[in-house]
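Colleague: Take this structure first; my questions come after.
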Amino acid sequence: MNLKELSQHLGLSQTTVSRALNGFPEVGEATRKRVLEAAETFQYRPNASARKLATGRAGAIGIVFSSDRNMLLDPIFTDFLAGVASQCSRSDNDVLVSSAQGDEAGTYRRLARVRSVDALLLSSPTIDDARIAMLQRLDMPLVVHGRTQTGLNYPYLDIDNEGAFHKATTLLIDLGHRRIGLLNENLRFTFATHRSQGWRRALTERGLAAPPELEGGARMTEENGYRMARGLFDLPDPPTALLCSSIFLALGAMRAARETGRIVGKDLSLIAHDDGLDAIRPETLTPALTTTFSSIHAAGVRVAEIAMALANGADPAATAEIWPVDLVFRGSTVPPAP
């Protein structure tokens, strides 16, 4: 069944049916539901080229990653991307993933020029991320997973990273820990800076020091977690507890603990941020891992929703969200050993 036949069946104009299928806000909810149900019944799928001509939209949202940091090898990013793709598929939208081969800015300019996507998703924003201002100059809709500190107004979805790590650090202090290490990402990323600020603020509020030797930052891999933890354990006054910015850093820290004769949940307390990855469940580790929790897959779903709303004319100023983060207490967190 083509668009004309579907419209005749419903007794609606082709324009109304097309707008209902593409999520335009001026179509009433009852009409939209009726059109979507008929499209599903007759297995109607709009022709991509015809849809672009009729609506001026590409029917796709885009993600660009730098070739020197292949995000497709990062399980956290791929879970985020899976959330994006699942939401897009529900609305017959595509996801265009591009690799910038040495010229990330040029890739963004090309996508804005040819309009092969309706909006762009920016992930892993840095403190002073130049991509946002550039895309705003190019009049390209965008939504950021995370935030910057640029002072610009732009749509974003973030989690309360500072509040989460403040809460986790406070828990460890309340248990009696005074030397608390932080295994983090590079501080050029905003989320890492916010987590560092939460850790530091909790210590300062209790009159404790936040010495620089207890804080490490590197790409969030198991190997880097191991290396940073070993460095902390070799200090003359090593930490009795560690905060980790990802499950992968925590796995490396657990390996370092075993090698140095420490038992997590007895000699060492450990808290990690859990992105809700299917591949690694913190409750199945030994001991079960205390975590700050926020689903990266759910974030991908919501960011895609925001991007498609922007493509349909939503106000960018009204789409800024900060999600709270849960703290899940498990067996890896105990008072310091006597």
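By order in the structure tokens, chains are A, B, ...; within a chain, residues start at 1; ligands start at 1, following the order shown.
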Skip Glu213 (chain A) itself and residues of its chain fewer than 4 positions away, then list as a list of chain:residue names all residues within 10 Å of it, counting only C-alpha atoms.
Modeller: A:Gly181, A:Leu182, A:Gly231, A:Leu232, A:Leu235, A:Pro238
Colleague: I'd like the neighbourhood of Ala210 (chain A) as a PDB file with N, CA, C and O atoms, in the first residue's frame, where a residue qualifies if any of its atoms comes within 10 Å (using only C-alpha atoms), though same-chain residues fewer than 3 positions away should be ignored.
Modeller:
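Just written: selection.pdb:
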ATOM      1  N   ARG A 178      38.924   7.458  55.641  1.00  0.00           N
ATOM      2  CA  ARG A 178      39.523   8.789  55.596  1.00  0.00           C
ATOM      3  C   ARG A 178      40.450   8.962  54.394  1.00  0.00           C
ATOM      4  O   ARG A 178      40.740  10.094  54.005  1.00  0.00           O
ATOM      5  N   ARG A 179      40.931   7.880  53.845  1.00  0.00           N
ATOM      6  CA  ARG A 179      41.772   7.929  52.634  1.00  0.00           C
ATOM      7  C   ARG A 179      40.968   7.249  51.520  1.00  0.00           C
ATOM      8  O   ARG A 179      40.858   6.013  51.448  1.00  0.00           O
ATOM      9  N   ILE A 180      40.385   8.059  50.645  1.00  0.00           N
ATOM     10  CA  ILE A 180      39.478   7.567  49.601  1.00  0.00           C
ATOM     11  C   ILE A 180      40.041   7.979  48.245  1.00  0.00           C
ATOM     12  O   ILE A 180      40.168   9.173  47.947  1.00  0.00           O
ATOM     13  N   GLY A 181      40.387   6.984  47.434  1.00  0.00           N
ATOM     14  CA  GLY A 181      40.940   7.261  46.120  1.00  0.00           C
ATOM     15  C   GLY A 181      39.852   7.377  45.064  1.00  0.00           C
ATOM     16  O   GLY A 181      38.748   6.834  45.207  1.00  0.00           O
ATOM     17  N   LEU A 182      40.167   8.103  43.978  1.00  0.00           N
ATOM     18  CA  LEU A 182      39.236   8.287  42.859  1.00  0.00           C
ATOM     19  C   LEU A 182      39.919   7.871  41.561  1.00  0.00           C
ATOM     20  O   LEU A 182      40.940   8.446  41.174  1.00  0.00           O
ATOM     21  N   SER A 196      34.836  14.468  39.961  1.00  0.00           N
ATOM     22  CA  SER A 196      35.943  14.906  40.806  1.00  0.00           C
ATOM     23  C   SER A 196      35.469  15.963  41.795  1.00  0.00           C
ATOM     24  O   SER A 196      35.842  15.948  42.980  1.00  0.00           O
ATOM     25  N   TRP A 199      33.487  14.266  44.650  1.00  0.00           N
ATOM     26  CA  TRP A 199      34.424  13.595  45.575  1.00  0.00           C
ATOM     27  C   TRP A 199      35.118  14.607  46.472  1.00  0.00           C
ATOM     28  O   TRP A 199      35.148  14.452  47.706  1.00  0.00           O
ATOM     29  N   ARG A 200      35.619  15.670  45.853  1.00  0.00           N
ATOM     30  CA  ARG A 200      36.382  16.682  46.593  1.00  0.00           C
ATOM     31  C   ARG A 200      35.474  17.432  47.588  1.00  0.00           C
ATOM     32  O   ARG A 200      35.864  17.695  48.733  1.00  0.00           O
ATOM     33  N   ARG A 201      34.248  17.758  47.151  1.00  0.00           N
ATOM     34  CA  ARG A 201      33.332  18.510  48.017  1.00  0.00           C
ATOM     35  C   ARG A 201      32.952  17.702  49.257  1.00  0.00           C
ATOM     36  O   ARG A 201      32.888  18.237  50.366  1.00  0.00           O
ATOM     37  N   ALA A 202      32.693  16.400  49.074  1.00  0.00           N
ATOM     38  CA  ALA A 202      32.326  15.572  50.220  1.00  0.00           C
ATOM     39  C   ALA A 202      33.457  15.508  51.239  1.00  0.00           C
ATOM     40  O   ALA A 202      33.224  15.591  52.455  1.00  0.00           O
ATOM     41  N   LEU A 203      34.684  15.354  50.773  1.00  0.00           N
ATOM     42  CA  LEU A 203      35.830  15.308  51.680  1.00  0.00           C
ATOM     43  C   LEU A 203      36.011  16.632  52.402  1.00  0.00           C
ATOM     44  O   LEU A 203      36.228  16.675  53.626  1.00  0.00           O
ATOM     45  N   THR A 204      35.919  17.739  51.653  1.00  0.00           N
ATOM     46  CA  THR A 204      36.120  19.064  52.241  1.00  0.00           C
ATOM     47  C   THR A 204      35.065  19.362  53.292  1.00  0.00           C
ATOM     48  O   THR A 204      35.373  19.933  54.356  1.00  0.00           O
ATOM     49  N   GLY A 207      35.998  18.047  56.540  1.00  0.00           N
ATOM     50  CA  GLY A 207      37.301  18.457  57.044  1.00  0.00           C
ATOM     51  C   GLY A 207      38.439  17.539  56.653  1.00  0.00           C
ATOM     52  O   GLY A 207      39.483  17.509  57.326  1.00  0.00           O
ATOM     53  N   GLU A 213      47.482  13.010  44.938  1.00  0.00           N
ATOM     54  CA  GLU A 213      48.010  11.663  44.691  1.00  0.00           C
ATOM     55  C   GLU A 213      46.935  10.581  44.813  1.00  0.00           C
ATOM     56  O   GLU A 213      47.143   9.437  44.386  1.00  0.00           O
ATOM     57  N   LEU A 214      45.760  10.922  45.379  1.00  0.00           N
ATOM     58  CA  LEU A 214      44.685   9.953  45.494  1.00  0.00           C
ATOM     59  C   LEU A 214      43.713  10.001  44.307  1.00  0.00           C
ATOM     60  O   LEU A 214      42.743   9.252  44.284  1.00  0.00           O
ATOM     61  N   GLU A 215      43.978  10.869  43.353  1.00  0.00           N
ATOM     62  CA  GLU A 215      43.085  11.018  42.205  1.00  0.00           C
ATOM     63  C   GLU A 215      43.820  10.683  40.908  1.00  0.00           C
ATOM     64  O   GLU A 215      44.897  11.224  40.636  1.00  0.00           O
TER      65      GLU A 215
END
Colleague: Give me the region 185-236 of chain A side of the contact with region 271-292 of chain A, cut-off 12 Å, one line per residue showing its nearest atom pair and distance in Å at one decimal, counting only C-alpha atoms, sorted by chain and residue number, as a Markdown table.
Modeller:
| residue | atom | partner | partner_atom | distance |
| --- | --- | --- | --- | --- |
| A:Glu185 | CA | A:His273 | CA | 11.8 |
| A:Phe191 | CA | A:His273 | CA | 11.7 |
| A:Ala192 | CA | A:His273 | CA | 11.5 |
| A:Arg195 | CA | A:His273 | CA | 10.2 |
| A:Met220 | CA | A:His273 | CA | 11.1 |
| A:Gly225 | CA | A:Ala272 | CA | 11.2 |
Colleague: Please, which residues of region 12-205 of chain A, numbered as in this document, come out strand (DSSP E) from DSSP, as a PDB file with all heavy atoms, in the first residue's frame?
Modeller:
ATOM      1  N   ALA A  60      16.600  10.816   9.596  1.00  0.00           N
ATOM      2  CA  ALA A  60      17.772  10.198  10.230  1.00  0.00           C
ATOM      3  C   ALA A  60      18.389  11.179  11.215  1.00  0.00           C
ATOM      4  O   ALA A  60      18.296  12.400  11.050  1.00  0.00           O
ATOM      5  CB  ALA A  60      18.801   9.788   9.190  1.00  0.00           C
ATOM      6  N   ILE A  61      19.011  10.641  12.255  1.00  0.00           N
ATOM      7  CA  ILE A  61      19.835  11.445  13.145  1.00  0.00           C
ATOM      8  C   ILE A  61      21.258  10.908  13.083  1.00  0.00           C
ATOM      9  O   ILE A  61      21.481   9.740  12.772  1.00  0.00           O
ATOM     10  CB  ILE A  61      19.300  11.452  14.583  1.00  0.00           C
ATOM     11  CG1 ILE A  61      19.216  10.041  15.147  1.00  0.00           C
ATOM     12  CG2 ILE A  61      17.936  12.116  14.646  1.00  0.00           C
ATOM     13  CD1 ILE A  61      18.740  10.006  16.592  1.00  0.00           C
ATOM     14  N   GLY A  62      22.220  11.774  13.353  1.00  0.00           N
ATOM     15  CA  GLY A  62      23.614  11.411  13.127  1.00  0.00           C
ATOM     16  C   GLY A  62      24.476  11.459  14.377  1.00  0.00           C
ATOM     17  O   GLY A  62      24.206  12.224  15.311  1.00  0.00           O
ATOM     18  N   ILE A  63      25.499  10.619  14.386  1.00  0.00           N
ATOM     19  CA  ILE A  63      26.513  10.594  15.434  1.00  0.00           C
ATOM     20  C   ILE A  63      27.875  10.527  14.753  1.00  0.00           C
ATOM     21  O   ILE A  63      28.082   9.717  13.842  1.00  0.00           O
ATOM     22  CB  ILE A  63      26.345   9.385  16.368  1.00  0.00           C
ATOM     23  CG1 ILE A  63      24.981   9.406  17.057  1.00  0.00           C
ATOM     24  CG2 ILE A  63      27.446   9.355  17.415  1.00  0.00           C
ATOM     25  CD1 ILE A  63      24.732   8.204  17.951  1.00  0.00           C
ATOM     26  N   VAL A  64      28.790  11.361  15.190  1.00  0.00           N
ATOM     27  CA  VAL A  64      30.149  11.377  14.638  1.00  0.00           C
ATOM     28  C   VAL A  64      31.130  11.073  15.764  1.00  0.00           C
ATOM     29  O   VAL A  64      31.001  11.602  16.866  1.00  0.00           O
ATOM     30  CB  VAL A  64      30.480  12.758  14.023  1.00  0.00           C
ATOM     31  CG1 VAL A  64      31.917  12.789  13.521  1.00  0.00           C
ATOM     32  CG2 VAL A  64      29.510  13.085  12.893  1.00  0.00           C
ATOM     33  N   PHE A  65      32.083  10.181  15.496  1.00  0.00           N
ATOM     34  CA  PHE A  65      33.137   9.951  16.487  1.00  0.00           C
ATOM     35  C   PHE A  65      34.495  10.087  15.813  1.00  0.00           C
ATOM     36  O   PHE A  65      34.647   9.816  14.628  1.00  0.00           O
ATOM     37  CB  PHE A  65      33.003   8.596  17.183  1.00  0.00           C
ATOM     38  CG  PHE A  65      33.092   7.399  16.274  1.00  0.00           C
ATOM     39  CD1 PHE A  65      34.316   6.837  15.963  1.00  0.00           C
ATOM     40  CD2 PHE A  65      31.939   6.850  15.733  1.00  0.00           C
ATOM     41  CE1 PHE A  65      34.395   5.737  15.133  1.00  0.00           C
ATOM     42  CE2 PHE A  65      32.014   5.746  14.894  1.00  0.00           C
ATOM     43  CZ  PHE A  65      33.244   5.186  14.594  1.00  0.00           C
ATOM     44  N   SER A  66      35.453  10.530  16.585  1.00  0.00           N
ATOM     45  CA  SER A  66      36.800  10.752  16.065  1.00  0.00           C
ATOM     46  C   SER A  66      37.496   9.423  15.828  1.00  0.00           C
ATOM     47  O   SER A  66      37.372   8.485  16.628  1.00  0.00           O
ATOM     48  CB  SER A  66      37.604  11.604  17.053  1.00  0.00           C
ATOM     49  OG  SER A  66      38.940  11.741  16.624  1.00  0.00           O
ATOM     50  N   ASP A  94      16.338   6.552  10.863  1.00  0.00           N
ATOM     51  CA  ASP A  94      17.613   5.854  10.776  1.00  0.00           C
ATOM     52  C   ASP A  94      18.652   6.556  11.649  1.00  0.00           C
ATOM     53  O   ASP A  94      18.487   7.721  12.034  1.00  0.00           O
ATOM     54  CB  ASP A  94      18.118   5.819   9.335  1.00  0.00           C
ATOM     55  CG  ASP A  94      17.194   5.025   8.422  1.00  0.00           C
ATOM     56  OD1 ASP A  94      16.684   3.984   8.867  1.00  0.00           O
ATOM     57  OD2 ASP A  94      16.968   5.457   7.275  1.00  0.00           O
ATOM     58  N   VAL A  95      19.728   5.828  11.943  1.00  0.00           N
ATOM     59  CA  VAL A  95      20.876   6.397  12.648  1.00  0.00           C
ATOM     60  C   VAL A  95      22.074   6.348  11.712  1.00  0.00           C
ATOM     61  O   VAL A  95      22.434   5.276  11.219  1.00  0.00           O
ATOM     62  CB  VAL A  95      21.193   5.617  13.942  1.00  0.00           C
ATOM     63  CG1 VAL A  95      22.361   6.268  14.669  1.00  0.00           C
ATOM     64  CG2 VAL A  95      19.973   5.544  14.843  1.00  0.00           C
ATOM     65  N   LEU A  96      22.672   7.492  11.463  1.00  0.00           N
ATOM     66  CA  LEU A  96      23.853   7.576  10.609  1.00  0.00           C
ATOM     67  C   LEU A  96      25.077   7.766  11.492  1.00  0.00           C
ATOM     68  O   LEU A  96      25.210   8.782  12.178  1.00  0.00           O
ATOM     69  CB  LEU A  96      23.728   8.747   9.630  1.00  0.00           C
ATOM     70  CG  LEU A  96      24.930   9.006   8.722  1.00  0.00           C
ATOM     71  CD1 LEU A  96      25.164   7.829   7.781  1.00  0.00           C
ATOM     72  CD2 LEU A  96      24.737  10.289   7.927  1.00  0.00           C
ATOM     73  N   VAL A  97      25.951   6.771  11.517  1.00  0.00           N
ATOM     74  CA  VAL A  97      27.163   6.820  12.329  1.00  0.00           C
ATOM     75  C   VAL A  97      28.346   7.086  11.401  1.00  0.00           C
ATOM     76  O   VAL A  97      28.586   6.326  10.465  1.00  0.00           O
ATOM     77  CB  VAL A  97      27.380   5.511  13.109  1.00  0.00           C
ATOM     78  CG1 VAL A  97      28.650   5.596  13.948  1.00  0.00           C
ATOM     79  CG2 VAL A  97      26.175   5.214  13.996  1.00  0.00           C
ATOM     80  N   SER A  98      29.079   8.166  11.668  1.00  0.00           N
ATOM     81  CA  SER A  98      30.204   8.560  10.817  1.00  0.00           C
ATOM     82  C   SER A  98      31.490   8.598  11.626  1.00  0.00           C
ATOM     83  O   SER A  98      31.496   9.012  12.784  1.00  0.00           O
ATOM     84  CB  SER A  98      29.957   9.945  10.204  1.00  0.00           C
ATOM     85  OG  SER A  98      28.805   9.954   9.407  1.00  0.00           O
ATOM     86  N   SER A  99      32.573   8.180  10.995  1.00  0.00           N
ATOM     87  CA  SER A  99      33.894   8.277  11.603  1.00  0.00           C
ATOM     88  C   SER A  99      34.643   9.436  10.952  1.00  0.00           C
ATOM     89  O   SER A  99      34.747   9.510   9.731  1.00  0.00           O
ATOM     90  CB  SER A  99      34.674   6.979  11.399  1.00  0.00           C
ATOM     91  OG  SER A  99      36.003   7.122  11.852  1.00  0.00           O
ATOM     92  N   ALA A 100      35.123  10.348  11.786  1.00  0.00           N
ATOM     93  CA  ALA A 100      35.877  11.495  11.283  1.00  0.00           C
ATOM     94  C   ALA A 100      37.342  11.106  11.142  1.00  0.00           C
ATOM     95  O   ALA A 100      38.025  10.877  12.135  1.00  0.00           O
ATOM     96  CB  ALA A 100      35.725  12.672  12.233  1.00  0.00           C
ATOM     97  N   ALA A 119      19.213  15.920  12.808  1.00  0.00           N
ATOM     98  CA  ALA A 119      19.821  16.419  14.040  1.00  0.00           C
ATOM     99  C   ALA A 119      21.055  15.578  14.321  1.00  0.00           C
ATOM    100  O   ALA A 119      21.169  14.444  13.850  1.00  0.00           O
ATOM    101  CB  ALA A 119      18.847  16.350  15.210  1.00  0.00           C
ATOM    102  N   LEU A 120      21.961  16.145  15.101  1.00  0.00           N
ATOM    103  CA  LEU A 120      23.186  15.447  15.477  1.00  0.00           C
ATOM    104  C   LEU A 120      23.232  15.234  16.983  1.00  0.00           C
ATOM    105  O   LEU A 120      22.821  16.106  17.759  1.00  0.00           O
ATOM    106  CB  LEU A 120      24.413  16.240  15.035  1.00  0.00           C
ATOM    107  CG  LEU A 120      24.757  16.142  13.548  1.00  0.00           C
ATOM    108  CD1 LEU A 120      25.698  17.264  13.134  1.00  0.00           C
ATOM    109  CD2 LEU A 120      25.386  14.790  13.232  1.00  0.00           C
ATOM    110  N   LEU A 121      23.716  14.062  17.387  1.00  0.00           N
ATOM    111  CA  LEU A 121      23.920  13.747  18.790  1.00  0.00           C
ATOM    112  C   LEU A 121      25.406  13.903  19.107  1.00  0.00           C
ATOM    113  O   LEU A 121      26.252  13.319  18.425  1.00  0.00           O
ATOM    114  CB  LEU A 121      23.485  12.310  19.093  1.00  0.00           C
ATOM    115  CG  LEU A 121      22.089  11.886  18.654  1.00  0.00           C
ATOM    116  CD1 LEU A 121      21.808  10.458  19.136  1.00  0.00           C
ATOM    117  CD2 LEU A 121      21.040  12.838  19.181  1.00  0.00           C
ATOM    118  N   LEU A 122      25.712  14.651  20.131  1.00  0.00           N
ATOM    119  CA  LEU A 122      27.094  14.824  20.570  1.00  0.00           C
ATOM    120  C   LEU A 122      27.268  14.087  21.890  1.00  0.00           C
ATOM    121  O   LEU A 122      26.516  14.321  22.842  1.00  0.00           O
ATOM    122  CB  LEU A 122      27.435  16.300  20.757  1.00  0.00           C
ATOM    123  CG  LEU A 122      27.169  17.239  19.574  1.00  0.00           C
ATOM    124  CD1 LEU A 122      27.686  18.641  19.884  1.00  0.00           C
ATOM    125  CD2 LEU A 122      27.792  16.710  18.300  1.00  0.00           C
ATOM    126  N   SER A 123      28.242  13.203  21.945  1.00  0.00           N
ATOM    127  CA  SER A 123      28.511  12.465  23.174  1.00  0.00           C
ATOM    128  C   SER A 123      29.897  12.810  23.691  1.00  0.00           C
ATOM    129  O   SER A 123      30.724  13.392  22.977  1.00  0.00           O
ATOM    130  CB  SER A 123      28.394  10.951  22.944  1.00  0.00           C
ATOM    131  OG  SER A 123      29.362  10.512  22.020  1.00  0.00           O
ATOM    132  N   LEU A 142      20.965  20.015  17.288  1.00  0.00           N
ATOM    133  CA  LEU A 142      21.860  19.119  18.015  1.00  0.00           C
ATOM    134  C   LEU A 142      21.317  18.886  19.407  1.00  0.00           C
ATOM    135  O   LEU A 142      20.568  19.705  19.952  1.00  0.00           O
ATOM    136  CB  LEU A 142      23.270  19.706  18.108  1.00  0.00           C
ATOM    137  CG  LEU A 142      23.426  20.995  18.938  1.00  0.00           C
ATOM    138  CD1 LEU A 142      24.058  20.676  20.302  1.00  0.00           C
ATOM    139  CD2 LEU A 142      24.248  22.040  18.209  1.00  0.00           C
ATOM    140  N   VAL A 143      21.700  17.758  19.979  1.00  0.00           N
ATOM    141  CA  VAL A 143      21.430  17.477  21.389  1.00  0.00           C
ATOM    142  C   VAL A 143      22.671  16.811  21.959  1.00  0.00           C
ATOM    143  O   VAL A 143      23.307  15.982  21.304  1.00  0.00           O
ATOM    144  CB  VAL A 143      20.170  16.604  21.573  1.00  0.00           C
ATOM    145  CG1 VAL A 143      20.277  15.302  20.810  1.00  0.00           C
ATOM    146  CG2 VAL A 143      19.917  16.307  23.043  1.00  0.00           C
ATOM    147  N   VAL A 144      23.044  17.205  23.163  1.00  0.00           N
ATOM    148  CA  VAL A 144      24.283  16.743  23.788  1.00  0.00           C
ATOM    149  C   VAL A 144      23.953  15.743  24.883  1.00  0.00           C
ATOM    150  O   VAL A 144      23.077  15.992  25.720  1.00  0.00           O
ATOM    151  CB  VAL A 144      25.082  17.924  24.372  1.00  0.00           C
ATOM    152  CG1 VAL A 144      26.393  17.429  24.986  1.00  0.00           C
ATOM    153  CG2 VAL A 144      25.364  18.963  23.293  1.00  0.00           C
ATOM    154  N   HIS A 145      24.636  14.607  24.859  1.00  0.00           N
ATOM    155  CA  HIS A 145      24.559  13.666  25.979  1.00  0.00           C
ATOM    156  C   HIS A 145      25.656  14.057  26.949  1.00  0.00           C
ATOM    157  O   HIS A 145      26.820  13.675  26.804  1.00  0.00           O
ATOM    158  CB  HIS A 145      24.745  12.226  25.501  1.00  0.00           C
ATOM    159  CG  HIS A 145      24.701  11.235  26.616  1.00  0.00           C
ATOM    160  ND1 HIS A 145      25.558  10.165  26.697  1.00  0.00           N
ATOM    161  CD2 HIS A 145      23.917  11.160  27.727  1.00  0.00           C
ATOM    162  CE1 HIS A 145      25.301   9.477  27.782  1.00  0.00           C
ATOM    163  NE2 HIS A 145      24.308  10.060  28.427  1.00  0.00           N
ATOM    164  N   TYR A 156      20.254  19.324  26.029  1.00  0.00           N
ATOM    165  CA  TYR A 156      21.127  18.265  26.549  1.00  0.00           C
ATOM    166  C   TYR A 156      20.360  17.361  27.495  1.00  0.00           C
ATOM    167  O   TYR A 156      19.311  17.714  28.045  1.00  0.00           O
ATOM    168  CB  TYR A 156      22.342  18.868  27.262  1.00  0.00           C
ATOM    169  CG  TYR A 156      22.047  19.637  28.531  1.00  0.00           C
ATOM    170  CD1 TYR A 156      21.842  18.982  29.745  1.00  0.00           C
ATOM    171  CD2 TYR A 156      21.977  21.032  28.519  1.00  0.00           C
ATOM    172  CE1 TYR A 156      21.585  19.687  30.905  1.00  0.00           C
ATOM    173  CE2 TYR A 156      21.711  21.745  29.671  1.00  0.00           C
ATOM    174  CZ  TYR A 156      21.511  21.069  30.868  1.00  0.00           C
ATOM    175  OH  TYR A 156      21.246  21.761  32.013  1.00  0.00           O
ATOM    176  N   LEU A 157      20.924  16.189  27.682  1.00  0.00           N
ATOM    177  CA  LEU A 157      20.518  15.257  28.730  1.00  0.00           C
ATOM    178  C   LEU A 157      21.782  14.853  29.474  1.00  0.00           C
ATOM    179  O   LEU A 157      22.749  14.405  28.859  1.00  0.00           O
ATOM    180  CB  LEU A 157      19.850  14.009  28.141  1.00  0.00           C
ATOM    181  CG  LEU A 157      19.669  12.844  29.125  1.00  0.00           C
ATOM    182  CD1 LEU A 157      18.660  13.200  30.200  1.00  0.00           C
ATOM    183  CD2 LEU A 157      19.250  11.574  28.407  1.00  0.00           C
ATOM    184  N   ASP A 158      21.773  15.015  30.788  1.00  0.00           N
ATOM    185  CA  ASP A 158      22.931  14.650  31.595  1.00  0.00           C
ATOM    186  C   ASP A 158      22.433  13.965  32.860  1.00  0.00           C
ATOM    187  O   ASP A 158      21.232  13.968  33.156  1.00  0.00           O
ATOM    188  CB  ASP A 158      23.743  15.899  31.939  1.00  0.00           C
ATOM    189  CG  ASP A 158      25.176  15.584  32.361  1.00  0.00           C
ATOM    190  OD1 ASP A 158      25.569  14.396  32.325  1.00  0.00           O
ATOM    191  OD2 ASP A 158      25.911  16.534  32.726  1.00  0.00           O
ATOM    192  N   ILE A 159      23.347  13.358  33.596  1.00  0.00           N
ATOM    193  CA  ILE A 159      23.028  12.837  34.916  1.00  0.00           C
ATOM    194  C   ILE A 159      23.766  13.687  35.943  1.00  0.00           C
ATOM    195  O   ILE A 159      24.713  14.411  35.623  1.00  0.00           O
ATOM    196  CB  ILE A 159      23.406  11.344  35.057  1.00  0.00           C
ATOM    197  CG1 ILE A 159      24.926  11.146  34.916  1.00  0.00           C
ATOM    198  CG2 ILE A 159      22.645  10.502  34.051  1.00  0.00           C
ATOM    199  CD1 ILE A 159      25.385   9.723  35.211  1.00  0.00           C
ATOM    200  N   ILE A 180      40.385   8.059  50.645  1.00  0.00           N
ATOM    201  CA  ILE A 180      39.478   7.567  49.601  1.00  0.00           C
ATOM    202  C   ILE A 180      40.041   7.979  48.245  1.00  0.00           C
ATOM    203  O   ILE A 180      40.168   9.173  47.947  1.00  0.00           O
ATOM    204  CB  ILE A 180      38.062   8.143  49.792  1.00  0.00           C
ATOM    205  CG1 ILE A 180      37.509   7.756  51.164  1.00  0.00           C
ATOM    206  CG2 ILE A 180      37.130   7.663  48.674  1.00  0.00           C
ATOM    207  CD1 ILE A 180      36.225   8.481  51.534  1.00  0.00           C
ATOM    208  N   GLY A 181      40.387   6.984  47.434  1.00  0.00           N
ATOM    209  CA  GLY A 181      40.940   7.261  46.120  1.00  0.00           C
ATOM    210  C   GLY A 181      39.852   7.377  45.064  1.00  0.00           C
ATOM    211  O   GLY A 181      38.748   6.834  45.207  1.00  0.00           O
ATOM    212  N   LEU A 182      40.167   8.103  43.978  1.00  0.00           N
ATOM    213  CA  LEU A 182      39.236   8.287  42.859  1.00  0.00           C
ATOM    214  C   LEU A 182      39.919   7.871  41.561  1.00  0.00           C
ATOM    215  O   LEU A 182      40.940   8.446  41.174  1.00  0.00           O
ATOM    216  CB  LEU A 182      38.794   9.750  42.760  1.00  0.00           C
ATOM    217  CG  LEU A 182      37.923  10.117  41.551  1.00  0.00           C
ATOM    218  CD1 LEU A 182      36.599   9.371  41.584  1.00  0.00           C
ATOM    219  CD2 LEU A 182      37.688  11.633  41.500  1.00  0.00           C
ATOM    220  N   LEU A 183      39.366   6.841  40.910  1.00  0.00           N
ATOM    221  CA  LEU A 183      39.827   6.420  39.586  1.00  0.00           C
ATOM    222  C   LEU A 183      38.826   6.959  38.578  1.00  0.00           C
ATOM    223  O   LEU A 183      37.686   6.504  38.511  1.00  0.00           O
ATOM    224  CB  LEU A 183      39.912   4.892  39.495  1.00  0.00           C
ATOM    225  CG  LEU A 183      40.708   4.175  40.588  1.00  0.00           C
ATOM    226  CD1 LEU A 183      40.835   2.691  40.251  1.00  0.00           C
ATOM    227  CD2 LEU A 183      42.072   4.810  40.792  1.00  0.00           C
ATOM    228  N   ASN A 184      39.259   7.912  37.769  1.00  0.00           N
ATOM    229  CA  ASN A 184      38.346   8.710  36.967  1.00  0.00           C
ATOM    230  C   ASN A 184      38.782   8.725  35.503  1.00  0.00           C
ATOM    231  O   ASN A 184      39.811   8.146  35.129  1.00  0.00           O
ATOM    232  CB  ASN A 184      38.342  10.144  37.530  1.00  0.00           C
ATOM    233  CG  ASN A 184      37.091  10.928  37.197  1.00  0.00           C
ATOM    234  OD1 ASN A 184      36.190  10.442  36.523  1.00  0.00           O
ATOM    235  ND2 ASN A 184      37.032  12.145  37.693  1.00  0.00           N
TER     236      ASN A 184
END
Colleague: From the options A:Met228, A:Ile322, A:Ala85, A:Leu172, which residue's atoms come nearest to Gly146 (chain A), counting only C-alpha atoms?
Modeller: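 For Gly146 (chain A), the nearest of the given residues is A:Ile322.
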Colleague: Can you tell me, as a list in words, what residues are no more than 12 Å from Arg137 (chain A) when counting only C-alpha atoms, ignoring any on the same chain fewer than 5 positions away?
Modeller: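 The neighbour list is Tyr108, Arg109, Ala112, Arg113, Ala130, Arg131, Ile132 and Leu142 of chain A.
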Colleague: Which residues come within 10 Å of Asp129 (chain A), counting only C-alpha atoms, excluding same-chain residues fewer than 3 positions away, as a ChimeraX atom specification?
Modeller: /A:122,124-126,132-134,147-150,188-190
Colleague: Kindly give the distance, in Å, that separates CA of Cys88 (chain A) and CA of Lys4 (chain A), rounded to a single decimal.
Modeller: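 Separation of CA of Cys88 (chain A) and CA of Lys4 (chain A): 24.6 Å.
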Colleague: Distance table requested - region 160-213 of chain A against region 323-337 of chain A, cut-off 10 Å, only C-alpha atoms: one row per qualifying residue with the closest atom pair and its distance in Å to one decimal, ordered by chain and rising residue number, as CSV.
Modeller:
residue,atom,partner,partner_atom,distance
A:Asp160,CA,A:Pro324,CA,5.5
A:Asn161,CA,A:Val325,CA,7.6
A:Glu162,CA,A:Val325,CA,9.8
A:Gly163,CA,A:Val325,CA,7.8
A:Ala164,CA,A:Val325,CA,5.8
A:Phe165,CA,A:Leu327,CA,9.4
A:Lys167,CA,A:Leu327,CA,7.6
A:Ala168,CA,A:Leu327,CA,7.1
A:Leu171,CA,A:Thr333,CA,9.0
A:Leu172,CA,A:Thr333,CA,7.6
A:Ile173,CA,A:Pro335,CA,9.0
A:Asp174,CA,A:Pro335,CA,8.6
A:Leu175,CA,A:Pro335,CA,4.8
A:Gly176,CA,A:Pro335,CA,5.7
A:His177,CA,A:Pro336,CA,5.9
A:Arg178,CA,A:Pro336,CA,8.9
A:Arg179,CA,A:Pro336,CA,9.8
Colleague: Point out the residue among A:Ala253, A:Ala229, A:Leu21, A:Leu152 with the least atom-to-atom distance to Lys33 (chain A), counting only C-alpha atoms.
Modeller: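 Ranking A:Ala253, A:Ala229, A:Leu21, A:Leu152 by distance to Lys33 (chain A), first place goes to A:Leu21.
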